[in-house]
Amino acid sequence: MITIQLKDFIKTGNFGPLTIGSSKGEILQVFGGTYDLADCGETQIIKYGWYEFFYWTDNEKIFGIQNDHLLADCVNHSEMINFKNRFFTIDKWFLKENKSITFREVIECLEQENIPYNIVPAYDGCDENIIKCVNSNVTFDFVNEHTFTEVTAKGRFKNRKEIRVAHQLDYVLNGIRLFKY
């Protein structure tokens, strides 16, 4: 069994032995044949838990790797950030079960590890920003509206509250992604 280090993915763009340009066959060889598949026509998505590999149907080459289910807004948040099968497990680094991570906290983690990054608009003309790692091109995107779901120590639903934040540093991490089209 191998351990995929989220920190290494963020630093290098390599998700264990896989990266952009790896093949569908390599995904299956490394992570096993039990997965969920989304057929989107010209693209396909293989999912292990909520860790997703996007590949072109015609050449079966990976063009994207992501987990965009990082908000702690549901009682099954643990299964959205954790994954383990007989082939691999995820070391989720700074992600915590049932805790949303803010823009500010992501910056602190990157700076603590000396990972160079830029803060850039999410897209041209957008007022909201993403964080883009300089060496890997891995990006972090955030939301300013989310639901806080409080759970008991046993993981059962306790309370739900809608939250809207005004300052970018308080936005909450939605996804970690690496895409090349």
# chains A, B, ... in the order shown; residues from 1 in each chain; ligands from 1
call {"tool": "select_by_dssp", "arguments": {"residues": "segment 68-160 of chain A", "states": "alpha helix (DSSP H)", "output": "list of chain:residue names"}}
result
A:His77, A:Ser78, A:Glu79, A:Met80, A:Ile81, A:Phe103, A:Arg104, A:Glu105, A:Val106, A:Ile107, A:Glu108, A:Cys109, A:Leu110, A:Glu111, A:Gln112
call {"tool": "residues_around", "arguments": {"residues": "Thr139 of chain A", "least_positions_apart": "6", "cutoff": "12 Å", "atoms": "only C-alpha atoms", "output": "PyMOL selection string"}}
result
chain A and resi 9-13+64-68+103+106-107+110+116-122+129-133+173-180
call {"tool": "closest_residue", "arguments": {"among": "A:Leu71, A:Leu6, A:Leu18, A:Met80", "to": "Tyr48 of chain A", "atoms": "only C-alpha atoms"}}
result
A:Met80
call {"tool": "atom_distance", "arguments": {"atom1": "atom CA of Ile20 of chain A", "atom2": "atom CA of Ile62 of chain A"}}
result
5.2 Å
